[in-house]
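Trainee: My questions will all concern the structure given below.
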Amino acid sequence: MRGLEGKVGIVAGGGRGIGAATVKRLCAEGAHVIVGDIQEDWAKEAAKAGSQGSGKAIGVHLDGTKAASQQALVDQAVKDFGGLDFFHSNLAGGTEGDVDILNCPEDVFDRQVAINTKSHFLATQAALPAMLERGGGSFIYVSSGAASGGAAWQVAYPMTKNAIHPLARHVARKWGPKGIRSNVICPGLIMTEAVAQHLSDEQVEGMQKQTPSARLGHPDDIAAAVAFLASDDGAFVNGQVWHVNGGTQMRD
Ligand SMILES: NC(=O)c1ccc[n+]([C@@H]2O[C@H](COP(=O)([O-])OP(=O)(O)OC[C@H]3O[C@@H](n4cnc5c(N)ncnc54)[C@H](O)[C@@H]3O)[C@@H](O)[C@H]2O)c1
């Protein structure tokens, strides 16, 4: 991919799944990456696996719901790699107990606001000044097809994911003229550890049948889209919400 060699980025929530696959892909493209995760050992493991490419990765602890922790991640990128060119804000969680609106407890909603919405707000506040200093940069936020899918079984996850979209558009509109790009990826069903453990073989087969691309998603499918948006090949993509899902949802 054009222009990723030597770039410096952060993958927040990069300890496993889509984040870890993205660290690997970015390093293989020659980017240097700070990997943050609430599970510090996962972050270090993902960084070790990623560093086998030409780029280098460092794994650190991150609590994405805390401003100081997000700032420490950015400071580390500047200290260890000399600046910041992109931020892949991938982390999510707290969905346990998230059911329909009449039965979803308030604390479950609040927890998801913190993890799935506020973390991206804080990441942007921490990273934007460092990117502006660099003369530009790219935010790649991870939302979900669930944000627009209309789920009967879950209320807070789609709400808190959807809130990322206007954040990305705000950043693109306000700081686009200063060289900042800001986009969202909405994955469809991607077979990560987090997802696969909840699916029976029957469910997997059923979902495969409903996917026009005739297979389920792999973390590498999302990693490829992130790498594109972080690279100079993505230079004219700004303020967009991309659905990467093998065709399960088809949106304008
Ligand atoms: N896998 C899918 O089918 C799918 C579909 C749609 C959207 N997504 C989104 O893609 C992203 C990655 O999904 P995944 O399946 O790889 O999930 P995952 O649970 O494997 O990865 C999320 C990572 O975020 C970390 N994390 C959670 N809370 C954190 C916090 N407060 N601070 C720092 N790190 C924290 C976790 O430890 C984990 O490593 C998520 O945003 C998810 O909502 C996934």
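Here, A, B, ... name the chains of the structure tokens in the order displayed, residue numbers run from 1 inside each chain, and ligands are numbered from 1 in the same displayed order.
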May I have the residues within 8 Å of ligand 1, computed using only C-alpha atoms and all ligand atoms, as a PyMOL selection string?
Mentor: chain A and resi 12-20+36-39+42-43+61-65+89-94+114-116+119+142-146+161+186-195+217+219
Trainee: For Gly246 (chain A), work out the shell of residues within 7 Å, counting only C-alpha atoms and skipping chain neighbours fewer than 4 positions away, then give it as a PyMOL selection string.
Mentor: chain A and resi 211-213
Trainee: Restricted to N, CA and C atoms, what would the selected residues look like written as an mmCIF file, in the first residue's frame?
Mentor:
```cif
data_model
loop_
_atom_site.group_PDB
_atom_site.id
_atom_site.type_symbol
_atom_site.label_atom_id
_atom_site.label_comp_id
_atom_site.auth_asym_id
_atom_site.auth_seq_id
_atom_site.Cartn_x
_atom_site.Cartn_y
_atom_site.Cartn_z
ATOM 1 N N THR A 211 -24.811 -14.532 3.181
ATOM 2 C CA THR A 211 -23.772 -13.573 2.790
ATOM 3 C C THR A 211 -23.475 -13.679 1.302
ATOM 4 N N PRO A 212 -23.738 -12.616 0.535
ATOM 5 C CA PRO A 212 -23.496 -12.678 -0.904
ATOM 6 C C PRO A 212 -22.069 -13.103 -1.270
ATOM 7 N N SER A 213 -21.078 -12.729 -0.495
ATOM 8 C CA SER A 213 -19.706 -13.134 -0.805
ATOM 9 C C SER A 213 -19.435 -14.597 -0.443
#
```
Trainee: Write down as a ChimeraX atom specification the residues of region 95-252 of chain A whose backbone DSSP state falls under strand (DSSP E or B).
Mentor: /A:137-142,180-187,190,217,241-244
Trainee: For Glu106 (chain A), which residue among A:Val155, A:Asn245, A:Gln240, A:Leu216 is the nearest when counting only C-alpha atoms?
Mentor: A:Val155
